[in-house]
Structures are given as C-alpha cells and as structure tokens.
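Asks: Take a look at upload_4.cif, mmCIF, N, CA and C atoms:
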```cif
data_model
#
loop_
_atom_site.label_atom_id
_atom_site.label_comp_id
_atom_site.auth_asym_id
_atom_site.auth_seq_id
_atom_site.Cartn_x
_atom_site.Cartn_y
_atom_site.Cartn_z
N ASP U 236 -13.36 -2.07 22.02
CA ASP U 236 -13.81 -0.76 21.62
C ASP U 236 -15.03 -0.83 20.68
N TYR U 237 -15.01 -1.82 19.73
CA TYR U 237 -16.07 -1.89 18.72
C TYR U 237 -16.51 -3.33 18.51
N THR U 238 -17.74 -3.51 18.01
CA THR U 238 -18.25 -4.84 17.67
C THR U 238 -18.41 -4.99 16.17
N TYR U 239 -17.69 -4.20 15.42
CA TYR U 239 -17.69 -4.26 13.96
C TYR U 239 -16.28 -3.94 13.47
N VAL U 240 -16.03 -4.24 12.20
CA VAL U 240 -14.72 -3.94 11.62
C VAL U 240 -14.64 -2.44 11.37
N ARG U 241 -13.72 -1.79 12.06
CA ARG U 241 -13.54 -0.34 11.93
C ARG U 241 -12.26 -0.10 11.15
N THR U 242 -12.38 0.50 9.98
CA THR U 242 -11.22 0.80 9.16
C THR U 242 -10.93 2.30 9.19
N TRP U 243 -9.78 2.65 8.69
CA TRP U 243 -9.35 4.05 8.59
C TRP U 243 -9.28 4.74 9.96
N ASP U 244 -8.98 3.98 11.01
CA ASP U 244 -8.81 4.53 12.36
C ASP U 244 -7.43 4.11 12.87
N ALA U 245 -6.47 5.00 12.78
CA ALA U 245 -5.08 4.69 13.12
C ALA U 245 -4.79 4.75 14.61
N SER U 246 -5.83 4.79 15.45
CA SER U 246 -5.62 4.81 16.90
C SER U 246 -5.45 3.40 17.48
N TYR U 247 -5.40 2.40 16.63
CA TYR U 247 -5.25 1.00 17.02
C TYR U 247 -6.37 0.55 17.96
N PRO U 248 -7.62 0.62 17.52
CA PRO U 248 -8.73 0.18 18.37
C PRO U 248 -8.79 -1.35 18.45
N SER U 249 -9.56 -1.84 19.41
CA SER U 249 -9.84 -3.28 19.53
C SER U 249 -11.24 -3.53 19.00
N MET U 250 -11.38 -4.60 18.21
CA MET U 250 -12.66 -4.94 17.61
C MET U 250 -12.96 -6.42 17.85
N LEU U 251 -14.08 -6.71 18.46
CA LEU U 251 -14.54 -8.09 18.64
C LEU U 251 -15.84 -8.22 17.86
N VAL U 252 -15.77 -8.94 16.74
CA VAL U 252 -16.92 -9.08 15.86
C VAL U 252 -17.51 -10.47 16.05
N PRO U 253 -18.73 -10.55 16.63
CA PRO U 253 -19.37 -11.86 16.77
C PRO U 253 -19.88 -12.34 15.41
N GLY U 254 -19.60 -13.59 15.09
CA GLY U 254 -20.04 -14.13 13.80
C GLY U 254 -19.05 -13.83 12.70
N ASP U 255 -19.55 -13.81 11.46
CA ASP U 255 -18.71 -13.59 10.29
C ASP U 255 -18.50 -12.10 10.04
N ALA U 256 -17.40 -11.78 9.33
CA ALA U 256 -17.10 -10.38 9.04
C ALA U 256 -16.41 -10.27 7.68
N THR U 257 -16.50 -9.07 7.11
CA THR U 257 -15.82 -8.75 5.86
C THR U 257 -14.90 -7.57 6.10
N LEU U 258 -13.67 -7.71 5.62
CA LEU U 258 -12.69 -6.62 5.70
C LEU U 258 -12.51 -6.08 4.30
N GLY U 259 -12.81 -4.80 4.11
CA GLY U 259 -12.73 -4.18 2.79
C GLY U 259 -14.09 -4.11 2.14
N SER U 260 -14.12 -3.53 0.95
CA SER U 260 -15.36 -3.49 0.18
C SER U 260 -15.01 -3.60 -1.29
N SER U 261 -15.92 -4.09 -2.05
CA SER U 261 -15.69 -4.39 -3.46
C SER U 261 -15.18 -3.18 -4.23
N GLY U 262 -14.06 -3.35 -4.89
CA GLY U 262 -13.51 -2.29 -5.73
C GLY U 262 -12.86 -1.15 -4.99
N ALA U 263 -12.65 -1.27 -3.67
CA ALA U 263 -12.14 -0.15 -2.88
C ALA U 263 -10.77 -0.45 -2.30
N THR U 264 -10.14 0.61 -1.79
CA THR U 264 -8.90 0.52 -1.04
C THR U 264 -9.24 0.66 0.44
N THR U 265 -8.69 -0.22 1.27
CA THR U 265 -9.00 -0.22 2.69
C THR U 265 -7.72 -0.31 3.51
N TYR U 266 -7.62 0.55 4.52
CA TYR U 266 -6.54 0.49 5.50
C TYR U 266 -7.15 0.26 6.87
N GLY U 267 -6.49 -0.55 7.69
CA GLY U 267 -6.97 -0.79 9.03
C GLY U 267 -5.82 -0.98 9.99
N TRP U 268 -6.10 -0.67 11.27
CA TRP U 268 -5.11 -0.78 12.32
C TRP U 268 -5.77 -1.39 13.54
N GLY U 269 -5.00 -2.10 14.38
CA GLY U 269 -5.50 -2.53 15.66
C GLY U 269 -5.64 -4.02 15.82
N LEU U 270 -6.47 -4.39 16.80
CA LEU U 270 -6.74 -5.78 17.12
C LEU U 270 -8.12 -6.13 16.58
N LEU U 271 -8.17 -7.05 15.62
CA LEU U 271 -9.43 -7.50 15.02
C LEU U 271 -9.63 -8.96 15.39
N ILE U 272 -10.71 -9.23 16.14
CA ILE U 272 -11.06 -10.59 16.54
C ILE U 272 -12.42 -10.90 15.91
N VAL U 273 -12.47 -11.95 15.10
CA VAL U 273 -13.70 -12.37 14.43
C VAL U 273 -14.01 -13.78 14.92
N THR U 274 -15.17 -13.98 15.54
CA THR U 274 -15.50 -15.30 16.08
C THR U 274 -15.89 -16.30 15.00
N GLY U 275 -16.36 -15.82 13.87
CA GLY U 275 -16.73 -16.69 12.75
C GLY U 275 -15.66 -16.67 11.67
N ASN U 276 -16.11 -16.50 10.43
CA ASN U 276 -15.22 -16.47 9.27
C ASN U 276 -14.92 -15.04 8.86
N LEU U 277 -13.74 -14.82 8.27
CA LEU U 277 -13.35 -13.50 7.78
C LEU U 277 -13.13 -13.59 6.28
N ARG U 278 -13.73 -12.65 5.55
CA ARG U 278 -13.52 -12.54 4.11
C ARG U 278 -12.88 -11.19 3.84
N VAL U 279 -11.78 -11.19 3.09
CA VAL U 279 -11.06 -9.98 2.73
C VAL U 279 -11.36 -9.69 1.26
N VAL U 280 -11.92 -8.50 0.96
CA VAL U 280 -12.32 -8.16 -0.40
C VAL U 280 -11.84 -6.76 -0.76
N GLY U 281 -11.85 -6.46 -2.04
CA GLY U 281 -11.51 -5.12 -2.52
C GLY U 281 -10.34 -5.14 -3.47
N ASN U 282 -9.91 -3.95 -3.89
CA ASN U 282 -8.74 -3.83 -4.74
C ASN U 282 -7.45 -3.92 -3.95
N PHE U 283 -7.41 -3.22 -2.79
CA PHE U 283 -6.21 -3.19 -1.96
C PHE U 283 -6.64 -3.14 -0.50
N VAL U 284 -6.10 -4.05 0.31
CA VAL U 284 -6.37 -4.08 1.75
C VAL U 284 -5.04 -4.14 2.47
N GLN U 285 -4.83 -3.22 3.40
CA GLN U 285 -3.63 -3.18 4.24
C GLN U 285 -4.06 -3.14 5.69
N TRP U 286 -3.56 -4.07 6.52
CA TRP U 286 -3.89 -4.11 7.94
C TRP U 286 -2.60 -4.08 8.75
N TYR U 287 -2.57 -3.21 9.76
CA TYR U 287 -1.43 -3.12 10.67
C TYR U 287 -1.91 -3.53 12.06
N GLY U 288 -1.46 -4.66 12.56
CA GLY U 288 -1.87 -5.10 13.88
C GLY U 288 -2.08 -6.60 13.94
N VAL U 289 -3.08 -7.02 14.72
CA VAL U 289 -3.35 -8.43 14.96
C VAL U 289 -4.74 -8.77 14.43
N VAL U 290 -4.83 -9.88 13.71
CA VAL U 290 -6.10 -10.40 13.22
C VAL U 290 -6.24 -11.83 13.72
N LEU U 291 -7.27 -12.09 14.53
CA LEU U 291 -7.56 -13.42 15.05
C LEU U 291 -8.92 -13.85 14.53
N VAL U 292 -8.97 -15.01 13.88
CA VAL U 292 -10.20 -15.48 13.24
C VAL U 292 -10.54 -16.85 13.80
N GLY U 293 -11.78 -16.99 14.27
CA GLY U 293 -12.21 -18.27 14.80
C GLY U 293 -12.39 -19.32 13.73
N GLY U 294 -12.96 -18.94 12.61
CA GLY U 294 -13.20 -19.87 11.51
C GLY U 294 -12.14 -19.75 10.43
N GLU U 295 -12.61 -19.76 9.20
CA GLU U 295 -11.68 -19.69 8.07
C GLU U 295 -11.48 -18.26 7.61
N ALA U 296 -10.34 -18.01 7.00
CA ALA U 296 -10.04 -16.71 6.40
C ALA U 296 -9.96 -16.90 4.89
N ASP U 297 -10.79 -16.14 4.17
CA ASP U 297 -10.79 -16.16 2.71
C ASP U 297 -10.21 -14.85 2.21
N PHE U 298 -9.10 -14.93 1.52
CA PHE U 298 -8.42 -13.75 1.01
C PHE U 298 -8.82 -13.55 -0.44
N ASP U 299 -9.81 -12.68 -0.68
CA ASP U 299 -10.37 -12.48 -2.00
C ASP U 299 -10.06 -11.12 -2.60
N ALA U 300 -9.22 -10.30 -1.95
CA ALA U 300 -8.87 -8.99 -2.51
C ALA U 300 -7.79 -9.15 -3.57
N LEU U 301 -7.69 -8.18 -4.46
CA LEU U 301 -6.66 -8.24 -5.49
C LEU U 301 -5.26 -8.11 -4.90
N ASP U 302 -5.09 -7.23 -3.93
CA ASP U 302 -3.80 -7.00 -3.28
C ASP U 302 -4.07 -6.86 -1.78
N GLN U 303 -3.57 -7.79 -0.98
CA GLN U 303 -3.86 -7.79 0.45
C GLN U 303 -2.55 -7.97 1.23
N ARG U 304 -2.35 -7.05 2.19
CA ARG U 304 -1.10 -7.02 2.94
C ARG U 304 -1.41 -6.87 4.42
N PHE U 305 -0.78 -7.71 5.22
CA PHE U 305 -0.97 -7.70 6.67
C PHE U 305 0.40 -7.60 7.33
N ASP U 306 0.58 -6.57 8.13
CA ASP U 306 1.80 -6.40 8.90
C ASP U 306 1.45 -6.53 10.37
N GLY U 307 1.98 -7.53 11.02
CA GLY U 307 1.67 -7.81 12.41
C GLY U 307 1.54 -9.30 12.62
N LEU U 308 0.29 -9.78 12.71
CA LEU U 308 0.04 -11.19 13.00
C LEU U 308 -1.35 -11.56 12.51
N VAL U 309 -1.47 -12.69 11.83
CA VAL U 309 -2.77 -13.22 11.38
C VAL U 309 -2.85 -14.68 11.79
N ILE U 310 -3.91 -15.03 12.52
CA ILE U 310 -4.14 -16.43 12.91
C ILE U 310 -5.60 -16.75 12.60
N SER U 311 -5.84 -17.87 11.94
CA SER U 311 -7.20 -18.31 11.67
C SER U 311 -7.38 -19.74 12.16
N GLY U 312 -8.63 -20.18 12.21
CA GLY U 312 -8.93 -21.55 12.63
C GLY U 312 -8.92 -21.75 14.13
N LEU U 313 -9.04 -20.68 14.91
CA LEU U 313 -8.97 -20.80 16.37
C LEU U 313 -10.13 -21.60 16.96
N ASN U 314 -11.25 -21.67 16.27
CA ASN U 314 -12.39 -22.44 16.78
C ASN U 314 -12.08 -23.94 16.84
N ALA U 315 -11.06 -24.39 16.15
CA ALA U 315 -10.65 -25.79 16.22
C ALA U 315 -10.22 -26.15 17.64
N GLN U 316 -9.72 -25.17 18.38
CA GLN U 316 -9.33 -25.40 19.78
C GLN U 316 -10.55 -25.71 20.65
N LEU U 317 -11.74 -25.34 20.17
CA LEU U 317 -12.99 -25.60 20.89
C LEU U 317 -13.68 -26.87 20.40
N GLY U 318 -13.03 -27.59 19.50
CA GLY U 318 -13.61 -28.81 18.96
C GLY U 318 -14.52 -28.60 17.77
N VAL U 319 -14.53 -27.40 17.22
CA VAL U 319 -15.36 -27.09 16.06
C VAL U 319 -14.55 -27.34 14.79
N GLY U 320 -15.14 -28.03 13.82
CA GLY U 320 -14.46 -28.25 12.55
C GLY U 320 -14.35 -26.94 11.77
N VAL U 321 -13.14 -26.63 11.33
CA VAL U 321 -12.91 -25.39 10.58
C VAL U 321 -12.35 -25.76 9.21
N PRO U 322 -13.06 -25.36 8.13
CA PRO U 322 -12.53 -25.65 6.79
C PRO U 322 -11.31 -24.79 6.49
N GLN U 323 -10.53 -25.25 5.55
CA GLN U 323 -9.36 -24.50 5.14
C GLN U 323 -9.77 -23.26 4.37
N GLY U 324 -9.14 -22.14 4.64
CA GLY U 324 -9.44 -20.89 3.94
C GLY U 324 -8.91 -20.89 2.51
N ASP U 325 -9.18 -19.80 1.80
CA ASP U 325 -8.79 -19.69 0.39
C ASP U 325 -7.97 -18.44 0.15
N ILE U 326 -7.07 -18.56 -0.80
CA ILE U 326 -6.36 -17.40 -1.35
C ILE U 326 -6.77 -17.36 -2.81
N ASP U 327 -7.75 -16.50 -3.12
CA ASP U 327 -8.38 -16.54 -4.44
C ASP U 327 -7.84 -15.51 -5.42
N GLU U 328 -7.18 -14.50 -4.98
CA GLU U 328 -6.82 -13.43 -5.91
C GLU U 328 -5.32 -13.34 -6.12
N ASP U 329 -4.85 -12.17 -6.51
CA ASP U 329 -3.51 -12.03 -7.03
C ASP U 329 -2.38 -12.04 -6.01
N TYR U 330 -2.50 -11.25 -4.95
CA TYR U 330 -1.34 -11.03 -4.10
C TYR U 330 -1.72 -11.05 -2.63
N LEU U 331 -1.00 -11.86 -1.85
CA LEU U 331 -1.19 -11.92 -0.40
C LEU U 331 0.18 -11.86 0.25
N ASP U 332 0.35 -10.90 1.16
CA ASP U 332 1.62 -10.73 1.87
C ASP U 332 1.30 -10.58 3.35
N ILE U 333 1.71 -11.58 4.15
CA ILE U 333 1.52 -11.53 5.59
C ILE U 333 2.90 -11.53 6.22
N ASP U 334 3.23 -10.43 6.88
CA ASP U 334 4.54 -10.29 7.53
C ASP U 334 4.35 -10.15 9.02
N TYR U 335 5.04 -11.03 9.79
CA TYR U 335 5.03 -10.85 11.24
C TYR U 335 5.86 -9.62 11.56
N HIS U 336 5.27 -8.70 12.31
CA HIS U 336 5.96 -7.47 12.67
C HIS U 336 5.65 -7.19 14.13
N SER U 337 6.65 -7.38 15.01
CA SER U 337 6.41 -7.30 16.45
C SER U 337 5.97 -5.90 16.90
N TRP U 338 6.40 -4.85 16.23
CA TRP U 338 5.99 -3.51 16.64
C TRP U 338 4.50 -3.33 16.47
N TYR U 339 3.95 -3.78 15.35
CA TYR U 339 2.50 -3.66 15.13
C TYR U 339 1.72 -4.58 16.08
N VAL U 340 2.28 -5.73 16.43
CA VAL U 340 1.63 -6.61 17.39
C VAL U 340 1.59 -5.94 18.76
N ARG U 341 2.71 -5.39 19.21
CA ARG U 341 2.74 -4.69 20.50
C ARG U 341 1.78 -3.51 20.51
N ARG U 342 1.75 -2.77 19.43
CA ARG U 342 0.88 -1.59 19.33
C ARG U 342 -0.59 -2.00 19.40
N ALA U 343 -0.96 -3.09 18.72
CA ALA U 343 -2.35 -3.55 18.71
C ALA U 343 -2.77 -4.10 20.08
N LEU U 344 -1.84 -4.69 20.81
CA LEU U 344 -2.16 -5.30 22.10
C LEU U 344 -1.92 -4.37 23.28
N ALA U 345 -1.43 -3.17 23.04
CA ALA U 345 -1.09 -2.25 24.13
C ALA U 345 -2.29 -1.92 25.02
N SER U 346 -3.48 -1.85 24.45
CA SER U 346 -4.66 -1.51 25.26
C SER U 346 -5.03 -2.63 26.21
N LEU U 347 -4.51 -3.82 25.98
CA LEU U 347 -4.81 -4.96 26.86
C LEU U 347 -3.83 -5.07 28.01
N ALA U 348 -2.74 -4.32 27.96
CA ALA U 348 -1.73 -4.39 29.02
C ALA U 348 -2.26 -3.73 30.28
N GLY U 349 -1.87 -4.25 31.40
CA GLY U 349 -2.33 -3.67 32.65
C GLY U 349 -1.72 -4.40 33.83
N PHE U 350 -2.23 -4.11 34.99
CA PHE U 350 -1.74 -4.70 36.22
C PHE U 350 -2.32 -6.09 36.36
N ALA U 351 -1.47 -7.10 36.42
CA ALA U 351 -1.93 -8.47 36.58
C ALA U 351 -1.02 -9.20 37.57
N PRO U 352 -1.58 -9.90 38.54
CA PRO U 352 -0.74 -10.64 39.48
C PRO U 352 -0.04 -11.81 38.80
N ILE U 353 1.15 -12.08 39.24
CA ILE U 353 1.93 -13.21 38.75
C ILE U 353 1.88 -14.30 39.81
N PRO U 354 1.50 -15.52 39.45
CA PRO U 354 1.39 -16.59 40.44
C PRO U 354 2.69 -16.77 41.25
N ASN U 355 2.53 -16.98 42.54
CA ASN U 355 3.63 -17.22 43.47
C ASN U 355 4.57 -16.03 43.60
N ALA U 356 4.10 -14.86 43.30
CA ALA U 356 4.91 -13.66 43.44
C ALA U 356 4.41 -12.85 44.63
N TRP U 357 5.15 -11.84 45.01
CA TRP U 357 4.82 -11.02 46.18
C TRP U 357 3.45 -10.37 46.06
N VAL U 358 3.08 -9.87 44.88
CA VAL U 358 1.80 -9.18 44.70
C VAL U 358 0.62 -10.10 45.01
N GLU U 359 0.75 -11.38 44.73
CA GLU U 359 -0.33 -12.31 44.96
C GLU U 359 -0.64 -12.47 46.46
N ASN U 360 0.29 -12.11 47.31
CA ASN U 360 0.11 -12.27 48.76
C ASN U 360 -0.25 -10.97 49.47
N TRP U 361 -0.68 -9.93 48.76
CA TRP U 361 -1.01 -8.67 49.39
C TRP U 361 -2.07 -8.79 50.48
N ALA U 362 -3.05 -9.64 50.26
CA ALA U 362 -4.15 -9.75 51.23
C ALA U 362 -3.66 -10.25 52.58
N THR U 363 -2.53 -10.85 52.68
CA THR U 363 -2.04 -11.39 53.95
C THR U 363 -1.27 -10.35 54.75
N PHE U 364 -0.99 -9.19 54.19
CA PHE U 364 -0.24 -8.15 54.93
C PHE U 364 -1.16 -7.22 55.67
#
```
Could I get this file's structure written as structure tokens?
Replies:
Amino acid sequence: DYTYVRTWDASYPSMLVPGDATLGSSGATTYGWGLLIVTGNLRVVGNFVQWYGVVLVGGEADFDALDQRFDGLVISGLNAQLGVGVPQGDIDEDYLDIDYHSWYVRRALASLAGFAPIPNAWVENWATF
C-alpha cells in the first residue's frame, strides 16, 4: 500500500520501505498498525511507540524510544539470509515490550491472503481438464 512508514492508520495497511526507516518522532506518541517491512535498518524513537501487527526488518532494529510496545511479531536481521552481515541492534531506552499476538499477525497479513495453488493438489491440474 505504501513505501513509507504510515502511522495512525488503523486499517492495517502494508508498508514496504526501501532502505532505512524511523518509526516515531522525537518527543511524540506514535501508534501504528499493519505490516511494516523495512529493507534496511529500523530506528524506533519518541516518548511512546505502540505497533499492532508485523514488523520485518532486513538490517538491525534500534529501540531508542522511552516506552515502546509491539503486539504481533517483530523480526530483524533478515538480510543475514542473503549473506549480508547484520550488526546486533540496540535497546537504548527505558522500556521495550514485544508480545507475540496471533490476532494482530493475522490482521496484518490478511491483505496478502488469496487464491494460491497447492502443489500436487486438484487445483494445480486445472489446465488438463
């Protein structure tokens, strides 16, 4: 849906941010929902950051907000799967709470659901009928 971090949108949008990204802003409160994919590094800043959904980070994740809470799923260092060296992220401030929550994961990934053939199943052989 977007190529930038979109906050305050509870419709659970999908965001693919090429390169590095920042979630939050200095001294502010930030809420976010949806699927956030960052190909580079992610920095979380501000007084309070709350994210509901899935956050996938290719590089490192630096948690620099005073109070940061993630409900859903957070994975960083994915670029290591491509053979890229990824430094360890930082938890620099007061409070970090990451809770796996399957409802928020399903909600964030719902826009990706669709019709897909399953190998060796009847649907895969439609062209032969």
Asks: Would you kindly translate the PyMOL selection byres (((chain U and resi 301-306 and name CA) around 12) and name CA) into the concrete residues it picks from this file, as a short mmCIF file (atom, residue, chain, number, x, y, z; two decimals) with N, CA and C atoms, in the frame of the given file?
Replies:
```
data_model
loop_
_atom_site.label_atom_id
_atom_site.label_comp_id
_atom_site.auth_asym_id
_atom_site.auth_seq_id
_atom_site.Cartn_x
_atom_site.Cartn_y
_atom_site.Cartn_z
N LEU U 258 -13.67 -7.71 5.62
CA LEU U 258 -12.69 -6.62 5.70
C LEU U 258 -12.51 -6.08 4.30
N GLY U 259 -12.81 -4.80 4.11
CA GLY U 259 -12.73 -4.18 2.79
C GLY U 259 -14.09 -4.11 2.14
N SER U 260 -14.12 -3.53 0.95
CA SER U 260 -15.36 -3.49 0.18
C SER U 260 -15.01 -3.60 -1.29
N SER U 261 -15.92 -4.09 -2.05
CA SER U 261 -15.69 -4.39 -3.46
C SER U 261 -15.18 -3.18 -4.23
N GLY U 262 -14.06 -3.35 -4.89
CA GLY U 262 -13.51 -2.29 -5.73
C GLY U 262 -12.86 -1.15 -4.99
N ALA U 263 -12.65 -1.27 -3.67
CA ALA U 263 -12.14 -0.15 -2.88
C ALA U 263 -10.77 -0.45 -2.30
N THR U 264 -10.14 0.61 -1.79
CA THR U 264 -8.90 0.52 -1.04
C THR U 264 -9.24 0.66 0.44
N THR U 265 -8.69 -0.22 1.27
CA THR U 265 -9.00 -0.22 2.69
C THR U 265 -7.72 -0.31 3.51
N TYR U 266 -7.62 0.55 4.52
CA TYR U 266 -6.54 0.49 5.50
C TYR U 266 -7.15 0.26 6.87
N GLY U 267 -6.49 -0.55 7.69
CA GLY U 267 -6.97 -0.79 9.03
C GLY U 267 -5.82 -0.98 9.99
N TRP U 268 -6.10 -0.67 11.27
CA TRP U 268 -5.11 -0.78 12.32
C TRP U 268 -5.77 -1.39 13.54
N GLY U 269 -5.00 -2.10 14.38
CA GLY U 269 -5.50 -2.53 15.66
C GLY U 269 -5.64 -4.02 15.82
N LEU U 270 -6.47 -4.39 16.80
CA LEU U 270 -6.74 -5.78 17.12
C LEU U 270 -8.12 -6.13 16.58
N LEU U 271 -8.17 -7.05 15.62
CA LEU U 271 -9.43 -7.50 15.02
C LEU U 271 -9.63 -8.96 15.39
N ARG U 278 -13.73 -12.65 5.55
CA ARG U 278 -13.52 -12.54 4.11
C ARG U 278 -12.88 -11.19 3.84
N VAL U 279 -11.78 -11.19 3.09
CA VAL U 279 -11.06 -9.98 2.73
C VAL U 279 -11.36 -9.69 1.26
N VAL U 280 -11.92 -8.50 0.96
CA VAL U 280 -12.32 -8.16 -0.40
C VAL U 280 -11.84 -6.76 -0.76
N GLY U 281 -11.85 -6.46 -2.04
CA GLY U 281 -11.51 -5.12 -2.52
C GLY U 281 -10.34 -5.14 -3.47
N ASN U 282 -9.91 -3.95 -3.89
CA ASN U 282 -8.74 -3.83 -4.74
C ASN U 282 -7.45 -3.92 -3.95
N PHE U 283 -7.41 -3.22 -2.79
CA PHE U 283 -6.21 -3.19 -1.96
C PHE U 283 -6.64 -3.14 -0.50
N VAL U 284 -6.10 -4.05 0.31
CA VAL U 284 -6.37 -4.08 1.75
C VAL U 284 -5.04 -4.14 2.47
N GLN U 285 -4.83 -3.22 3.40
CA GLN U 285 -3.63 -3.18 4.24
C GLN U 285 -4.06 -3.14 5.69
N TRP U 286 -3.56 -4.07 6.52
CA TRP U 286 -3.89 -4.11 7.94
C TRP U 286 -2.60 -4.08 8.75
N TYR U 287 -2.57 -3.21 9.76
CA TYR U 287 -1.43 -3.12 10.67
C TYR U 287 -1.91 -3.53 12.06
N GLY U 288 -1.46 -4.66 12.56
CA GLY U 288 -1.87 -5.10 13.88
C GLY U 288 -2.08 -6.60 13.94
N VAL U 289 -3.08 -7.02 14.72
CA VAL U 289 -3.35 -8.43 14.96
C VAL U 289 -4.74 -8.77 14.43
N VAL U 290 -4.83 -9.88 13.71
CA VAL U 290 -6.10 -10.40 13.22
C VAL U 290 -6.24 -11.83 13.72
N ASP U 297 -10.79 -16.14 4.17
CA ASP U 297 -10.79 -16.16 2.71
C ASP U 297 -10.21 -14.85 2.21
N PHE U 298 -9.10 -14.93 1.52
CA PHE U 298 -8.42 -13.75 1.01
C PHE U 298 -8.82 -13.55 -0.44
N ASP U 299 -9.81 -12.68 -0.68
CA ASP U 299 -10.37 -12.48 -2.00
C ASP U 299 -10.06 -11.12 -2.60
N ALA U 300 -9.22 -10.30 -1.95
CA ALA U 300 -8.87 -8.99 -2.51
C ALA U 300 -7.79 -9.15 -3.57
N GLY U 307 1.98 -7.53 11.02
CA GLY U 307 1.67 -7.81 12.41
C GLY U 307 1.54 -9.30 12.62
N LEU U 308 0.29 -9.78 12.71
CA LEU U 308 0.04 -11.19 13.00
C LEU U 308 -1.35 -11.56 12.51
N VAL U 309 -1.47 -12.69 11.83
CA VAL U 309 -2.77 -13.22 11.38
C VAL U 309 -2.85 -14.68 11.79
N ILE U 310 -3.91 -15.03 12.52
CA ILE U 310 -4.14 -16.43 12.91
C ILE U 310 -5.60 -16.75 12.60
N ILE U 326 -7.07 -18.56 -0.80
CA ILE U 326 -6.36 -17.40 -1.35
C ILE U 326 -6.77 -17.36 -2.81
N ASP U 327 -7.75 -16.50 -3.12
CA ASP U 327 -8.38 -16.54 -4.44
C ASP U 327 -7.84 -15.51 -5.42
N GLU U 328 -7.18 -14.50 -4.98
CA GLU U 328 -6.82 -13.43 -5.91
C GLU U 328 -5.32 -13.34 -6.12
N ASP U 329 -4.85 -12.17 -6.51
CA ASP U 329 -3.51 -12.03 -7.03
C ASP U 329 -2.38 -12.04 -6.01
N TYR U 330 -2.50 -11.25 -4.95
CA TYR U 330 -1.34 -11.03 -4.10
C TYR U 330 -1.72 -11.05 -2.63
N LEU U 331 -1.00 -11.86 -1.85
CA LEU U 331 -1.19 -11.92 -0.40
C LEU U 331 0.18 -11.86 0.25
N ASP U 332 0.35 -10.90 1.16
CA ASP U 332 1.62 -10.73 1.87
C ASP U 332 1.30 -10.58 3.35
N ILE U 333 1.71 -11.58 4.15
CA ILE U 333 1.52 -11.53 5.59
C ILE U 333 2.90 -11.53 6.22
N ASP U 334 3.23 -10.43 6.88
CA ASP U 334 4.54 -10.29 7.53
C ASP U 334 4.35 -10.15 9.02
N TYR U 335 5.04 -11.03 9.79
CA TYR U 335 5.03 -10.85 11.24
C TYR U 335 5.86 -9.62 11.56
N HIS U 336 5.27 -8.70 12.31
CA HIS U 336 5.96 -7.47 12.67
C HIS U 336 5.65 -7.19 14.13
N SER U 337 6.65 -7.38 15.01
CA SER U 337 6.41 -7.30 16.45
C SER U 337 5.97 -5.90 16.90
N TRP U 338 6.40 -4.85 16.23
CA TRP U 338 5.99 -3.51 16.64
C TRP U 338 4.50 -3.33 16.47
N TYR U 339 3.95 -3.78 15.35
CA TYR U 339 2.50 -3.66 15.13
C TYR U 339 1.72 -4.58 16.08
N VAL U 340 2.28 -5.73 16.43
CA VAL U 340 1.63 -6.61 17.39
C VAL U 340 1.59 -5.94 18.76
N ARG U 341 2.71 -5.39 19.21
CA ARG U 341 2.74 -4.69 20.50
C ARG U 341 1.78 -3.51 20.51
N ARG U 342 1.75 -2.77 19.43
CA ARG U 342 0.88 -1.59 19.33
C ARG U 342 -0.59 -2.00 19.40
N ALA U 343 -0.96 -3.09 18.72
CA ALA U 343 -2.35 -3.55 18.71
C ALA U 343 -2.77 -4.10 20.08
#
```
Asks: Have a look at atom C of U:Asn314 and atom CA of U:Gly294 and let me know their distance in Å, one decimal.
Replies: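 Answer for the atom C of U:Asn314 to atom CA of U:Gly294 separation: 6.8 Å.
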Asks: Which distance in Å separates atom N of U:Asn276 and atom N of U:Leu344, to one decimal?
Replies: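 These atoms are spaced 21.2 Å apart.
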Asks: Decode the PyMOL selection byres (((chain U and resi 313 and name CA) around 7) and name CA) for the given file into explicit residues and return them as a PyMOL selection string.
Replies: chain U and resi 292-294+311-312+314-316
Asks: Report, in Å to a single decimal, how far apart atom C of U:Pro253 and atom C of U:Leu291 are.
Replies: 11.1 Å
Asks: According to DSSP computed on the backbone, where in stretch 255-355 of chain U is there strand (DSSP E)? Give the residues as number ranges by chain.
Replies: U: 256-258, 264-273, 277-279, 283-292, 296-298, 302-310, 325-326, 330-335
